[in-house]
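Asks: The structure is given below, and queries will be raised subsequently.
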Amino acid sequence: MTDDQWSPPAVLLAVDLVILTLRENHLQVLLVERGVEPYRGAMALPGGFLGHLHEDLSAAAHRELAEEAGLSAEGLHLEELGVYGAPGRDPRGRVISVAYLAIAPRLPEPVAGTDASEACWTPTDLVLSGEMTLAFDHRRIIADGVEQARSKLEHSALATAFCGPTFTISELQEVYEAVWGVPLDPRNFYRKVQSVDGFIVPAGPSRRTETGRPARLFRPGPHRVLRPPMTRPVGAPADKEATKR
């Protein structure tokens with residue numbers, strides 16, 4: 001085939017956003033109810049097509065987050081999660097989606113807009129269980145985002161961002177349990193946390209717990225990368241998914 005016989009295939013480019021936070025001790029993902037076809041009435045990730053030929057991908061991601069969920073990405077660190085382009089993933093044609101991930105604490109309630117009928121935080125365990133219908137291949141994208149979040153807690157000090165300025169070891173453990181989706185042994189967790197240099201540091205006097213016993217307070221330490229990492233226990237959700245595949 002010569003060059004003058006070739007024409008580029010028709011491909012559309014879109015962005016999708018996996019926004020994760022902790023609410024009510026559960027890892028939750030931002031979803032919108034689609035108000036337009038295809039998949040009208042189904043829940044989906046916020047996202048959409050590029051607005052024009054010259055729009056940057058990250059700019060499109062920020063715009064879609066504001067338009068579909070009323071959330072500002074100003075304080076969010078959006079990082080590229082992956083590219084999804086399997087044929088047939090979108091009934092409108094060949095659509096390549098670049099997915100972005102953000103994990104942040106204390107995010108506000110979303111407000112639906114543009115082509116979304118509703119926007120809400122939804123527990124990821126409900127989403128990944130298959131009990132609810134999701135549009136396109138968004139369940140797979142969310143699964144990838146959740147796994148990325150779980151990995152981040154192994155290798156970075158991200159968990160401390162979901163605690164207050166000062167916190168107890170038990171409160172930090174609750175963050176790990178919520179994201180990893182598995183109960184942790186308090187003694188083993190305490191020993192692991194204390195073995196990671198610069199992860200957390202003491203923060204003054206103790207605090208009385210609900211049982212009346214004093215609990216030591218800590219604050220984030222100077223190190224953002226954890227060495228050694230806080231490895232997940234065997235049997236955590238990621239290990240189960242790997243076994244299924």
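In the structure tokens, each chain is lettered A, B, ... as it comes, each chain's residues begin at 1, and ligands are numbered from 1 in order of appearance.
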Please identify which residues in stretch 6-239 of chain A DSSP calls helix (DSSP H, G or I) from the backbone, and express them as a ChimeraX atom specification.
Replies: /A:57-69,124-128,138-155,158-162,169-180,186-195,237-239
Asks: Filtering to C-alpha atoms, could you give me those residues as a CSV table (one decimal), in the first residue's frame?
Replies:
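As written to disk, selection21.csv reads:
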chain,number,residue,atom,x,y,z
A,57,LEU,CA,-5.4,15.9,28.1
A,58,SER,CA,-4.9,17.0,31.6
A,59,ALA,CA,-6.9,20.2,30.9
A,60,ALA,CA,-9.8,18.0,29.6
A,61,ALA,CA,-9.6,15.9,32.8
A,62,HIS,CA,-9.9,19.0,35.0
A,63,ARG,CA,-12.7,20.4,32.9
A,64,GLU,CA,-14.7,17.2,33.0
A,65,LEU,CA,-14.4,16.9,36.7
A,66,ALA,CA,-15.8,20.3,37.2
A,67,GLU,CA,-18.6,19.9,34.6
A,68,GLU,CA,-19.8,16.5,35.6
A,69,ALA,CA,-19.3,16.5,39.4
A,124,THR,CA,-15.5,0.6,46.0
A,125,ASP,CA,-16.3,-2.8,47.4
A,126,LEU,CA,-19.8,-2.4,46.1
A,127,VAL,CA,-18.6,-1.3,42.7
A,128,LEU,CA,-16.1,-4.1,42.3
A,138,HIS,CA,-15.3,1.5,33.9
A,139,ARG,CA,-15.4,-1.4,36.4
A,140,ARG,CA,-12.0,-2.5,35.1
A,141,ILE,CA,-10.6,1.1,35.2
A,142,ILE,CA,-11.8,1.4,38.8
A,143,ALA,CA,-10.2,-1.9,39.8
A,144,ASP,CA,-6.9,-0.6,38.4
A,145,GLY,CA,-7.3,2.6,40.3
A,146,VAL,CA,-8.0,0.8,43.6
A,147,GLU,CA,-5.0,-1.4,43.1
A,148,GLN,CA,-2.9,1.6,42.5
A,149,ALA,CA,-4.2,3.2,45.7
A,150,ARG,CA,-3.4,0.0,47.6
A,151,SER,CA,0.1,0.0,46.2
A,152,LYS,CA,0.6,3.6,47.1
A,153,LEU,CA,-0.1,2.8,50.8
A,154,GLU,CA,2.6,0.2,50.7
A,155,HIS,CA,5.3,2.4,49.3
A,158,LEU,CA,-0.1,8.7,51.8
A,159,ALA,CA,-2.1,7.1,54.6
A,160,THR,CA,-1.2,9.9,57.0
A,161,ALA,CA,-3.0,12.4,54.8
A,162,PHE,CA,-6.3,10.7,55.8
A,169,ILE,CA,-1.6,4.1,65.6
A,170,SER,CA,-5.1,2.7,65.7
A,171,GLU,CA,-6.5,5.6,63.5
A,172,LEU,CA,-3.7,5.0,61.0
A,173,GLN,CA,-4.5,1.3,61.0
A,174,GLU,CA,-8.1,2.1,60.1
A,175,VAL,CA,-6.9,3.9,57.0
A,176,TYR,CA,-4.9,0.9,55.9
A,177,GLU,CA,-7.8,-1.5,56.6
A,178,ALA,CA,-10.2,0.6,54.6
A,179,VAL,CA,-8.0,0.9,51.6
A,180,TRP,CA,-6.6,-2.6,51.6
A,186,PRO,CA,-2.8,-4.4,65.8
A,187,ARG,CA,0.5,-5.8,67.2
A,188,ASN,CA,1.9,-6.6,63.8
A,189,PHE,CA,0.8,-3.3,62.4
A,190,TYR,CA,2.3,-1.3,65.3
A,191,ARG,CA,5.6,-3.2,64.8
A,192,LYS,CA,5.6,-2.6,61.1
A,193,VAL,CA,4.9,1.1,61.4
A,194,GLN,CA,7.6,1.6,64.0
A,195,SER,CA,10.2,-0.2,61.8
A,237,PRO,CA,-8.0,-8.4,47.9
A,238,ALA,CA,-5.2,-7.9,45.3
A,239,ASP,CA,-3.8,-11.4,46.0
Asks: Ranking A:Ser129, A:Thr166, A:Thr122, A:Thr231 by minimum distance to A:Gln28 and counting only C-alpha atoms, which one comes first?
Replies: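 Among the listed residues, A:Thr122 lies closest to A:Gln28.
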Asks: Which parts of stretch 4-238 of chain A does DSSP call strand (DSSP E or B) when run on the backbone here, written out as a ChimeraX atom specification?
Replies: /A:12-23,26-34,43-44,47-49,79-84,95-103,116-123,134,156,167,200-202,207-208,214-215,218-220,225
Asks: Closest to A:Ala112 among A:Leu71, A:Val225, A:Val83, A:Leu17, using only C-alpha atoms?
Replies: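 Looking only at the distances to A:Ala112, the closest residue turns out to be A:Leu71.
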Asks: Quick one: residues within 10 Å of A:Phe218, only C-alpha atoms counted, chain neighbours fewer than 5 positions away excluded, as number ranges by chain?
Replies: A: 160, 164-169, 172, 199-206
Asks: For the atom pair atom CA of A:Leu184 and atom CA of A:Glu131, what is the interatomic distance in Å to one decimal place?
Replies: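 Between atom CA of A:Leu184 and atom CA of A:Glu131 the gap works out to 26.1 Å.
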